[in-house]
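Next comes coords-v8.txt, a file with compact mmCIF, C-alpha atoms.
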# COMPACT_ATOMS: atom_id res chain seq x y z
CA MET A 766 127.14 -17.47 50.55
CA PRO A 767 130.36 -15.42 50.20
CA LEU A 768 130.14 -12.68 47.61
CA PRO A 769 132.50 -12.97 44.61
CA PHE A 770 135.49 -10.68 44.72
CA PHE A 771 136.79 -9.55 41.33
CA ARG A 772 140.26 -8.12 41.59
CA LEU A 773 142.28 -6.24 39.00
CA VAL A 774 145.83 -5.51 40.11
CA THR A 775 148.05 -3.04 38.30
CA LEU A 776 151.31 -1.41 39.31
CA LEU A 777 150.69 2.29 38.80
CA THR A 778 153.47 4.67 37.76
CA LEU A 779 152.61 8.29 38.50
CA LEU A 780 155.57 10.13 37.05
CA ALA A 781 158.66 9.03 35.16
CA ALA A 782 160.75 10.46 37.97
CA THR A 783 159.01 8.39 40.64
CA PRO A 784 158.62 4.77 39.50
CA PRO A 785 157.46 2.09 41.91
CA ALA A 786 160.41 1.16 44.09
CA ALA A 787 161.33 -1.30 46.76
CA ALA A 788 160.32 -0.03 50.16
CA GLN A 789 163.02 1.85 52.05
CA VAL A 790 160.85 1.51 55.17
CA THR A 791 161.08 -2.15 56.21
CA ILE A 792 160.20 -4.22 59.26
CA ASP A 793 162.20 -7.28 60.27
CA ILE A 794 159.61 -9.63 61.76
CA THR A 795 161.99 -12.51 62.38
CA GLU A 796 163.70 -11.23 65.52
CA GLY A 797 162.62 -9.17 68.51
CA VAL A 798 159.72 -6.77 68.81
CA PRO A 799 160.28 -3.89 66.35
CA ASP A 800 159.14 -0.33 66.93
CA PRO A 801 155.84 0.23 65.09
CA VAL A 802 156.23 2.11 61.82
CA PRO A 803 154.23 5.37 61.76
CA VAL A 804 151.87 5.34 58.79
CA ALA A 805 149.38 7.96 57.62
CA ILE A 806 146.27 6.39 56.08
CA ALA A 807 144.21 9.04 54.35
CA PRO A 808 140.48 8.54 53.72
CA PHE A 809 139.83 7.29 50.20
CA THR A 810 138.65 10.31 48.22
CA SER A 811 135.93 10.39 45.58
CA GLU A 812 134.07 12.81 43.35
CA ASP A 813 131.24 10.30 43.18
CA ARG A 814 128.74 10.81 46.02
CA GLU A 815 127.76 7.14 46.11
CA ALA A 816 131.38 5.93 46.18
CA ALA A 817 132.43 8.59 48.71
CA ARG A 818 130.54 6.90 51.53
CA PHE A 819 133.00 4.00 51.36
CA GLY A 820 136.15 6.15 51.68
CA ASP A 821 136.22 6.72 55.45
CA ASP A 822 135.12 3.15 56.19
CA ILE A 823 137.87 1.63 54.04
CA ALA A 824 140.54 3.79 55.68
CA GLN A 825 139.30 2.88 59.17
CA VAL A 826 139.49 -0.85 58.46
CA VAL A 827 143.00 -0.50 56.99
CA ARG A 828 144.13 1.40 60.10
CA ALA A 829 142.65 -1.18 62.45
CA ASP A 830 144.20 -4.09 60.52
CA LEU A 831 147.69 -2.63 60.51
CA GLU A 832 147.61 -1.59 64.16
CA SER A 833 146.32 -5.01 65.24
CA SER A 834 149.54 -6.56 63.93
CA GLY A 835 151.59 -4.51 66.39
CA LEU A 836 153.95 -3.55 63.56
CA PHE A 837 152.36 -0.24 62.55
CA ARG A 838 151.21 2.90 64.33
CA ALA A 839 148.47 4.76 62.49
CA ILE A 840 148.78 8.53 62.81
CA SER A 841 145.54 10.20 63.87
CA GLU A 842 143.69 12.13 61.17
CA GLU A 843 143.57 15.07 63.58
CA ALA A 844 147.31 15.47 63.04
CA PHE A 845 147.02 15.68 59.24
CA LEU A 846 148.04 19.07 57.80
CA SER A 847 146.24 18.30 54.56
CA THR A 848 144.08 15.60 53.01
CA PRO A 849 144.85 14.27 49.52
CA LYS A 850 142.18 15.25 47.04
CA ASP A 851 143.32 13.03 44.18
CA ALA A 852 145.16 9.72 44.56
CA ASN A 853 146.66 10.21 41.09
CA LEU A 854 148.56 13.34 42.10
CA ARG A 855 151.97 13.39 43.73
CA PRO A 856 151.59 14.18 47.48
CA ASP A 857 153.22 17.13 49.22
CA PHE A 858 155.64 15.08 51.29
CA ASN A 859 156.61 17.95 53.58
CA ASN A 860 153.12 17.86 55.12
CA TRP A 861 153.57 14.19 56.02
CA ARG A 862 157.19 14.33 57.10
CA VAL A 863 156.40 17.07 59.61
CA ILE A 864 153.88 14.87 61.45
CA GLY A 865 156.31 11.95 61.61
CA ALA A 866 154.83 9.69 58.94
CA GLN A 867 157.22 7.27 57.29
CA LEU A 868 154.55 5.77 55.05
CA LEU A 869 151.57 7.40 53.35
CA ALA A 870 148.61 5.43 52.01
CA VAL A 871 146.17 7.22 49.71
CA GLY A 872 143.20 5.95 47.76
CA GLN A 873 140.29 6.92 45.56
CA THR A 874 136.92 5.29 44.90
CA SER A 875 134.41 5.55 42.07
CA MET A 876 131.32 3.70 40.85
CA GLN A 877 131.39 2.02 37.48
CA ALA A 878 128.48 2.01 35.04
CA ASP A 879 127.73 -1.63 35.93
CA GLY A 880 127.34 -0.69 39.61
CA ARG A 881 130.65 -2.12 40.80
CA LEU A 882 132.98 -0.26 43.14
CA HIS A 883 136.35 0.73 41.70
CA ALA A 884 139.24 1.72 43.96
CA VAL A 885 142.80 2.93 43.39
CA PHE A 886 145.34 2.56 46.19
CA ARG A 887 148.92 3.85 46.42
CA LEU A 888 151.55 3.48 49.11
CA TRP A 889 154.32 6.08 49.34
CA ASP A 890 157.62 6.13 51.16
CA VAL A 891 157.62 9.61 52.68
CA LEU A 892 161.39 9.75 53.27
CA THR A 893 162.43 8.75 49.74
CA GLN A 894 159.32 10.33 48.15
CA GLN A 895 158.84 7.23 46.04
CA GLN A 896 155.77 5.19 45.34
CA ILE A 897 156.19 1.69 46.79
CA VAL A 898 153.15 0.04 45.26
CA GLY A 899 149.95 0.89 43.44
CA VAL A 900 146.93 -1.37 43.11
CA THR A 901 143.45 -1.12 41.63
CA TYR A 902 140.45 -3.14 42.76
CA THR A 903 137.04 -3.66 41.17
CA THR A 904 134.36 -5.44 43.17
CA LEU A 905 130.74 -5.38 44.30
CA PRO A 906 130.01 -2.51 46.72
CA GLU A 907 129.09 -4.93 49.52
CA ASN A 908 132.65 -6.27 49.34
CA TRP A 909 134.18 -2.96 50.45
CA ARG A 910 135.45 -4.50 53.69
CA ARG A 911 137.40 -7.19 51.82
CA LEU A 912 138.81 -4.44 49.62
CA ALA A 913 140.09 -2.74 52.78
CA HIS A 914 141.61 -5.99 54.10
CA LYS A 915 143.38 -6.57 50.78
CA THR A 916 144.75 -3.02 50.92
CA ALA A 917 146.14 -3.69 54.40
CA ASP A 918 147.63 -6.96 53.13
CA ALA A 919 149.38 -5.08 50.32
CA ILE A 920 150.95 -2.65 52.80
CA TYR A 921 151.99 -5.45 55.15
CA LYS A 922 153.64 -7.39 52.32
CA GLU A 923 155.56 -4.44 50.91
CA VAL A 924 156.96 -3.44 54.30
CA THR A 925 157.64 -6.86 55.83
CA GLY A 926 158.36 -8.86 52.70
CA GLU A 927 155.83 -11.50 53.78
CA GLU A 928 152.22 -12.23 52.90
CA GLY A 929 149.55 -10.47 54.91
CA TYR A 930 146.72 -12.23 56.72
CA PHE A 931 143.99 -9.61 57.06
CA ASP A 932 141.79 -10.95 54.25
CA SER A 933 141.10 -14.18 56.13
CA ARG A 934 138.41 -15.53 58.43
CA ILE A 935 138.07 -17.27 61.77
CA VAL A 936 135.49 -19.87 62.76
CA TYR A 937 134.81 -20.33 66.46
CA VAL A 938 132.31 -21.69 68.97
CA SER A 939 129.88 -19.09 70.31
CA GLU A 940 128.88 -19.77 73.92
CA THR A 941 125.74 -18.43 75.61
CA GLY A 942 123.56 -19.42 78.55
CA PRO A 943 124.30 -20.63 82.09
CA ALA A 944 127.42 -22.66 82.85
CA ASP A 945 125.45 -25.89 83.34
CA LYS A 946 123.50 -25.50 80.10
CA ARG A 947 125.69 -23.77 77.54
CA ARG A 948 124.39 -23.21 74.03
CA LYS A 949 127.22 -23.64 71.55
CA ARG A 950 127.03 -22.58 67.91
CA LEU A 951 129.55 -22.32 65.08
CA VAL A 952 130.23 -18.75 63.97
CA LEU A 953 132.23 -17.57 60.95
CA MET A 954 133.65 -14.04 60.93
CA ASP A 955 136.36 -11.90 59.38
CA GLN A 956 139.64 -12.15 61.28
CA ASP A 957 138.94 -8.76 62.88
CA GLY A 958 135.56 -9.89 64.27
CA ALA A 959 133.36 -8.25 61.63
CA ARG A 960 130.61 -9.87 59.53
CA ALA A 961 129.80 -12.62 62.04
CA ARG A 962 127.61 -15.36 60.56
CA TYR A 963 126.06 -18.24 62.52
CA LEU A 964 126.53 -21.59 60.79
CA THR A 965 124.61 -23.77 63.26
CA ASP A 966 121.46 -23.06 65.25
CA GLY A 967 122.51 -24.33 68.67
CA ALA A 968 120.18 -27.33 68.66
CA ASN A 969 123.26 -29.56 68.95
CA LEU A 970 126.42 -28.97 70.96
CA VAL A 971 129.38 -28.33 68.62
CA LEU A 972 133.13 -28.40 69.27
CA THR A 973 136.58 -27.96 67.69
CA PRO A 974 135.88 -26.52 64.21
CA ARG A 975 138.82 -26.64 61.76
CA PHE A 976 139.15 -25.17 58.26
CA SER A 977 139.99 -27.09 55.12
CA PRO A 978 143.18 -25.67 53.57
CA THR A 979 141.86 -26.17 50.03
CA LYS A 980 138.05 -25.89 50.11
CA GLN A 981 135.34 -23.75 51.65
CA GLU A 982 134.71 -26.41 54.28
CA ILE A 983 134.86 -26.73 58.05
CA ILE A 984 135.21 -30.00 59.97
CA TYR A 985 133.83 -30.18 63.52
CA LEU A 986 132.28 -32.36 66.22
CA ALA A 987 128.54 -32.40 66.93
CA TYR A 988 126.50 -34.07 69.66
CA ASP A 989 123.59 -34.68 67.30
CA ARG A 990 122.03 -37.75 68.94
CA PRO A 991 120.77 -38.02 72.53
CA ASN A 992 122.94 -40.11 74.84
CA GLN A 993 125.40 -40.83 72.04
CA PRO A 994 129.04 -39.74 71.63
CA PRO A 995 129.73 -36.90 69.19
CA SER A 996 130.33 -37.56 65.51
CA VAL A 997 132.47 -35.76 62.93
CA HIS A 998 130.78 -33.52 60.35
CA ILE A 999 131.90 -31.37 57.43
CA PHE A 1000 130.10 -28.08 56.77
CA ASN A 1001 130.26 -26.52 53.30
CA ILE A 1002 130.37 -22.72 53.71
CA ASP A 1003 129.07 -21.97 50.21
CA SER A 1004 126.11 -24.35 50.19
CA ASN A 1005 125.37 -24.46 53.95
CA GLN A 1006 125.20 -28.24 53.61
CA ARG A 1007 126.39 -30.57 56.39
CA GLU A 1008 127.73 -34.08 55.85
CA GLY A 1009 128.57 -36.69 58.49
CA LEU A 1010 131.70 -38.80 58.10
CA GLY A 1011 130.04 -41.91 59.50
CA ARG A 1012 129.57 -43.40 62.94
CA PHE A 1013 132.08 -45.61 64.62
CA PRO A 1014 132.22 -47.41 67.97
CA GLY A 1015 133.49 -45.26 70.83
CA MET A 1016 134.34 -41.58 71.02
CA GLN A 1017 135.62 -39.50 68.08
CA TYR A 1018 137.29 -36.14 68.56
CA ALA A 1019 139.98 -33.64 67.46
CA PRO A 1020 139.42 -33.85 63.67
CA ARG A 1021 141.78 -31.91 61.42
CA PHE A 1022 142.30 -31.78 57.63
CA SER A 1023 145.45 -32.86 55.82
CA PRO A 1024 147.31 -30.12 53.85
CA ASP A 1025 145.80 -31.29 50.55
CA GLY A 1026 142.29 -31.47 52.04
CA ASN A 1027 141.81 -35.05 50.85
CA SER A 1028 141.95 -36.73 54.24
CA VAL A 1029 141.45 -35.97 57.93
CA LEU A 1030 143.12 -36.99 61.16
CA ILE A 1031 140.70 -38.20 63.84
CA THR A 1032 141.26 -39.42 67.39
CA MET A 1033 139.07 -42.45 68.13
CA THR A 1034 138.52 -44.38 71.35
CA GLN A 1035 138.85 -48.12 70.85
CA GLU A 1036 136.95 -50.92 72.59
CA GLU A 1037 139.69 -51.27 75.20
CA GLY A 1038 139.11 -47.62 76.15
CA ASN A 1039 142.32 -46.32 74.68
CA SER A 1040 142.46 -43.38 72.23
CA ASP A 1041 144.52 -43.58 69.04
CA ILE A 1042 145.01 -41.48 65.94
CA PHE A 1043 143.50 -42.51 62.60
CA SER A 1044 143.64 -41.06 59.10
CA MET A 1045 140.46 -41.11 57.02
CA ASN A 1046 140.50 -40.78 53.23
CA LEU A 1047 137.56 -38.50 52.41
CA GLY A 1048 137.06 -40.08 49.00
CA THR A 1049 136.87 -43.71 50.10
CA ARG A 1050 136.08 -43.17 53.82
CA ASN A 1051 138.72 -45.80 54.60
CA LEU A 1052 140.40 -45.54 58.01
CA THR A 1053 144.10 -46.11 58.63
CA ARG A 1054 145.27 -46.51 62.21
CA LEU A 1055 148.49 -44.59 62.93
CA THR A 1056 149.19 -45.17 66.64
CA TYR A 1057 149.03 -48.31 68.76
CA THR A 1058 150.39 -47.43 72.20
CA ALA A 1059 148.74 -47.99 75.57
CA GLY A 1060 148.80 -44.26 76.34
CA ILE A 1061 146.21 -41.84 75.00
CA ASP A 1062 147.22 -40.34 71.63
CA ALA A 1063 145.23 -37.35 70.40
CA ALA A 1064 145.07 -33.88 68.81
CA ALA A 1065 147.13 -34.62 65.70
CA SER A 1066 148.24 -31.94 63.22
CA TYR A 1067 150.09 -32.38 59.90
CA SER A 1068 153.22 -30.51 58.89
CA PRO A 1069 152.56 -28.23 55.86
CA ASP A 1070 154.15 -30.74 53.47
CA GLY A 1071 152.08 -33.60 54.89
CA ALA A 1072 155.20 -35.64 55.68
CA ARG A 1073 154.98 -35.54 59.49
CA ILE A 1074 152.42 -35.30 62.26
CA VAL A 1075 152.67 -33.64 65.67
CA PHE A 1076 150.37 -34.95 68.42
CA GLU A 1077 149.91 -35.18 72.16
CA SER A 1078 150.34 -38.47 74.00
CA LYS A 1079 150.40 -39.91 77.53
CA ARG A 1080 152.56 -42.87 76.49
CA SER A 1081 155.36 -41.63 78.79
CA GLY A 1082 152.96 -41.27 81.70
CA THR A 1083 152.24 -37.54 81.31
CA GLN A 1084 150.72 -35.46 78.52
CA GLN A 1085 153.57 -34.57 76.14
CA LEU A 1086 154.15 -33.69 72.47
CA TYR A 1087 155.49 -36.11 69.87
CA VAL A 1088 156.31 -35.99 66.16
CA MET A 1089 155.97 -39.02 63.87
CA ASN A 1090 156.03 -39.70 60.14
CA ALA A 1091 152.70 -39.45 58.32
CA ASP A 1092 152.39 -43.23 58.29
CA GLY A 1093 152.80 -43.39 62.08
CA SER A 1094 156.40 -44.57 62.08
CA GLU A 1095 159.35 -43.20 64.07
CA PRO A 1096 157.50 -41.33 66.84
CA ARG A 1097 159.77 -39.06 68.90
CA ARG A 1098 159.02 -36.92 71.94
CA ILE A 1099 159.79 -33.22 71.44
CA SER A 1100 158.44 -31.52 74.60
CA THR A 1101 160.79 -31.30 77.57
CA GLY A 1102 160.86 -29.76 81.03
CA LYS A 1103 158.11 -29.46 83.59
CA GLY A 1104 154.41 -29.33 82.83
CA ARG A 1105 151.92 -31.01 80.52
CA PHE A 1106 151.61 -30.16 76.83
CA ALA A 1107 148.50 -30.29 74.64
CA THR A 1108 146.70 -29.08 71.46
CA PRO A 1109 149.77 -28.89 69.18
CA VAL A 1110 149.36 -27.34 65.73
CA TRP A 1111 152.01 -27.02 63.05
CA SER A 1112 152.69 -23.58 61.59
CA PRO A 1113 151.78 -23.12 57.90
CA ARG A 1114 155.41 -22.03 57.44
CA GLY A 1115 156.64 -25.33 58.87
CA ASP A 1116 159.09 -23.66 61.23
CA LEU A 1117 157.18 -23.83 64.53
CA VAL A 1118 154.65 -25.83 66.52
CA ALA A 1119 152.19 -23.95 68.74
CA PHE A 1120 150.99 -25.61 71.92
CA THR A 1121 149.11 -25.31 75.19
CA LYS A 1122 151.15 -25.92 78.36
CA ILE A 1123 149.68 -26.60 81.80
CA LEU A 1124 152.02 -25.75 84.67
CA GLY A 1125 151.82 -24.07 88.05
CA GLY A 1126 148.04 -23.89 88.14
CA GLN A 1127 147.92 -21.93 84.86
CA PHE A 1128 147.62 -22.51 81.13
CA HIS A 1129 150.23 -21.10 78.77
CA ILE A 1130 150.21 -20.53 75.00
CA GLY A 1131 153.60 -20.99 73.36
CA THR A 1132 155.67 -22.16 70.42
CA MET A 1133 158.67 -24.43 69.87
CA ARG A 1134 160.68 -25.71 66.95
CA PRO A 1135 159.48 -29.04 65.50
CA ASP A 1136 162.48 -30.70 67.18
CA GLY A 1137 161.44 -29.28 70.57
CA THR A 1138 164.09 -26.58 70.78
CA GLU A 1139 163.54 -22.85 71.48
CA PRO A 1140 160.31 -23.10 73.50
CA ARG A 1141 158.67 -19.70 74.14
CA ILE A 1142 155.62 -18.71 76.17
CA LEU A 1143 153.52 -15.93 74.59
CA ASP A 1144 150.57 -15.67 77.00
CA SER A 1145 149.34 -17.17 80.26
CA ALA A 1146 145.99 -17.28 82.04
CA TYR A 1147 143.81 -19.25 84.43
CA HIS A 1148 142.64 -21.08 81.28
CA ALA A 1149 144.13 -20.58 77.81
CA GLU A 1150 143.89 -23.17 75.06
CA GLY A 1151 143.51 -24.05 71.40
CA PRO A 1152 146.11 -22.02 69.46
CA THR A 1153 145.51 -21.58 65.73
CA TRP A 1154 147.86 -20.00 63.18
CA SER A 1155 147.24 -17.04 60.90
CA PRO A 1156 147.71 -17.99 57.21
CA ASN A 1157 151.19 -16.43 57.14
CA GLY A 1158 152.33 -18.17 60.32
CA ARG A 1159 153.11 -14.95 62.19
CA VAL A 1160 150.13 -14.60 64.58
CA LEU A 1161 148.35 -16.99 66.93
CA ALA A 1162 144.68 -16.84 67.90
CA TYR A 1163 143.38 -18.80 70.91
CA PHE A 1164 140.81 -18.56 73.69
CA LYS A 1165 141.32 -17.79 77.35
CA GLN A 1166 139.35 -16.91 80.48
CA ASP A 1167 139.78 -15.71 84.05
CA SER A 1168 139.33 -17.82 87.15
CA PRO A 1169 135.73 -17.88 88.45
CA HIS A 1170 136.44 -15.41 91.29
CA GLU A 1171 138.28 -13.03 88.92
CA ARG A 1172 135.79 -13.24 86.09
CA ARG A 1173 134.76 -9.90 84.66
CA VAL A 1174 131.94 -9.13 82.25
CA GLY A 1175 133.09 -9.42 78.65
CA LEU A 1176 136.44 -10.93 79.51
CA SER A 1177 135.71 -14.63 79.88
CA PRO A 1178 135.90 -16.77 77.87
CA GLY A 1179 136.99 -14.95 74.72
CA LEU A 1180 139.24 -14.97 71.67
CA TRP A 1181 142.69 -13.43 71.71
CA GLN A 1182 145.60 -13.10 69.33
CA VAL A 1183 149.30 -12.47 69.78
CA ASN A 1184 152.21 -11.90 67.41
CA ILE A 1185 154.75 -14.70 67.78
CA ILE A 1186 157.66 -12.23 67.94
CA GLY A 1187 156.14 -10.81 71.12
CA GLY A 1188 154.09 -7.83 72.20
CA ALA A 1189 150.87 -7.57 74.14
CA PRO A 1190 148.04 -10.03 73.34
CA ARG A 1191 144.95 -8.40 71.81
CA ARG A 1192 141.33 -9.41 72.35
CA ILE A 1193 139.21 -10.16 69.28
CA GLU A 1194 135.75 -8.72 69.83
CA THR A 1195 132.87 -11.19 69.48
CA GLU A 1196 129.14 -10.88 70.08
CA THR A 1197 129.15 -13.61 72.75
CA ASP A 1198 131.57 -15.62 74.82
CA ALA A 1199 133.79 -17.57 72.44
CA SER A 1200 136.12 -20.58 72.32
CA ASP A 1201 137.84 -23.02 69.95
CA PRO A 1202 138.97 -20.60 67.20
CA ALA A 1203 140.35 -21.83 63.87
CA TRP A 1204 141.93 -19.55 61.28
CA SER A 1205 141.17 -19.91 57.58
CA PRO A 1206 143.62 -19.75 54.67
CA ILE A 1207 143.69 -16.43 52.82
CA SER A 1208 140.26 -15.79 51.29
CA ARG A 1209 139.90 -16.05 47.52

Could I get this file's structure written as structure tokens?
Amino acid sequence: MPLPFFRLVTLLTLLAATPPAAAQVTIDITEGVPDPVPVAIAPFTSEDREAARFGDDIAQVVRADLESSGLFRAISEEAFLSTPKDANLRPDFNNWRVIGAQLLAVGQTSMQADGRLHAVFRLWDVLTQQQIVGVTYTTLPENWRRLAHKTADAIYKEVTGEEGYFDSRIVYVSETGPADKRRKRLVLMDQDGARARYLTDGANLVLTPRFSPTKQEIIYLAYDRPNQPPSVHIFNIDSNQREGLGRFPGMQYAPRFSPDGNSVLITMTQEEGNSDIFSMNLGTRNLTRLTYTAGIDAAASYSPDGARIVFESKRSGTQQLYVMNADGSEPRRISTGKGRFATPVWSPRGDLVAFTKILGGQFHIGTMRPDGTEPRILDSAYHAEGPTWSPNGRVLAYFKQDSPHERRVGLSPGLWQVNIIGGAPRRIETETDASDPAWSPISR
């Protein structure tokens, strides 16, 4: 069960001459690939021996978070000319300007009488010598990693003007065993790969987990009966309880929650062998059929406002992307050009649709506008599939693998992420081979 996180946030003014100010150091993340901003992240100091052991660990997680975004470059501690001893004192900015830092993050930890960990964090603009933001956190000691993620989120927001995504989680399918007898289990982890927790035991094959946007729940497919098609289940993260959504004739697959979490989209194979998209109300369990064409319709995803749905369909003869109203009316093809398109998912910002494209013997991960314009390819591989959006709509996670003759240990299949403005994709470390990632909303 997730540990509670108690957060106290206060803007901290150090001196009358240096009030909190809007950041002079900014990153425009809407166009092009910006040069990473050099930031010095000092270890959180402490006079309390018990609290001091968290200082280095917190700073390391903050560094890793910021660098993983591709927008920041953390300056090595070896280059520091001094180390802040007290987060409540004004830094000597000359020592940080000389080593090229534009931002300076300092912090301090202490243990409260009730055993909780207390932390103070401040972000400084080295060039203007002004404090940008100050925050205090109070939480259980075992939540120190979340404290670090929230600190990185605060820095990201102040510099980019947009919400961070580091205090979030990813659920994925862990894969072990030989190719002809894979053991697949659901795993929940922090977005950086830490604190992995197995949700299923591998007794049943599981596929395509997806997070609820409003609850601590995951929807997924499970082959839980011999010689029977898979069925849709919901797993409650807090209680570890699993609930089936019922059994219906034919195959069920590609479940995904609505934005309000009150219904799900499911692809179901009908008696005539065709696949169509249905909406299920989770309160009443009533099904509403949304598509009726002869071609296979599948992999539906709502827009953030719940008004439209993007999906893949073979109604034109090849696998392409379409957008329709939430009631199934006015379907319109949006994918164009060569290749087949699959696994569409709408950005939480509403501005883009991520997709998988199959062309030229390779798979490609890309984005396009909801009207099909401005298509962009972000990564390509022998097999790459299943994009999922970070909560702020700025990063994609997905899985990919090499061809069998190119396969290298630890590189196939695995989870990757890429910033949608460009830059090199980055592998997310997992304990086993991994596939089918799904990103959570920001943790609460």

What is the distance between CA of Val826 (chain A) and CA of Gln867 (chain A), in Å to one decimal?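 So the two atoms, CA of Val826 (chain A) and CA of Gln867 (chain A), lie 19.5 Å apart.
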
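Each of A:Ile1207, A:Leu1143, A:Ala917, A:Leu912 was compared to Ile1185 (chain A) using only C-alpha atoms, and A:Leu1143 turns out to be the nearest.
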
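For the pair CA of Arg887 (chain A) and CA of Gly1188 (chain A), the interatomic distance is 28.8 Å.
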
Could you name the residues that touch Pro1014 (chain A) at 10 Å or less, counting all atoms listed in the file, but leaving out those on the same chain fewer than 4 positions away, as a short mmCIF file (atom, residue, chain, number, x, y, z; two decimals) with C-alpha atoms, keeping the file's coordinate frame?
data_model
loop_
_atom_site.label_atom_id
_atom_site.label_comp_id
_atom_site.auth_asym_id
_atom_site.auth_seq_id
_atom_site.Cartn_x
_atom_site.Cartn_y
_atom_site.Cartn_z
CA PRO A 994 129.04 -39.74 71.63
CA MET A 1033 139.07 -42.45 68.13
CA THR A 1034 138.52 -44.38 71.35
CA GLN A 1035 138.85 -48.12 70.85
CA GLU A 1036 136.95 -50.92 72.59
#

Could you tell me which of A:Phe1164, A:Thr1121, A:Asp1116, A:Val790 comes closest to Lys922 (chain A) if we count only C-alpha atoms?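 When distances to Lys922 (chain A) are compared using only C-alpha atoms, the smallest one comes from A:Val790.
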
Would you pick out the contacts of Gly942 (chain A) at 12 Å or less, using only C-alpha atoms, so that residues sharing its chain but fewer than 5 positions from it are not included, and give the list as a PyMOL selection string? chain A and resi 947-950+967+1197-1198

Of the candidates A:Lys1122, A:Arg828, A:Arg1134, A:Arg1073, which one gets nearest to Thr1108 (chain A) if we count only C-alpha atoms?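 Residue with the minimum atom-to-atom distance to Thr1108 (chain A): A:Lys1122.
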
Any idea what the distance is between CA of Pro995 (chain A) and CA of Ile1074 (chain A)?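 Pair CA of Pro995 (chain A) / CA of Ile1074 (chain A) returns 23.8 Å.
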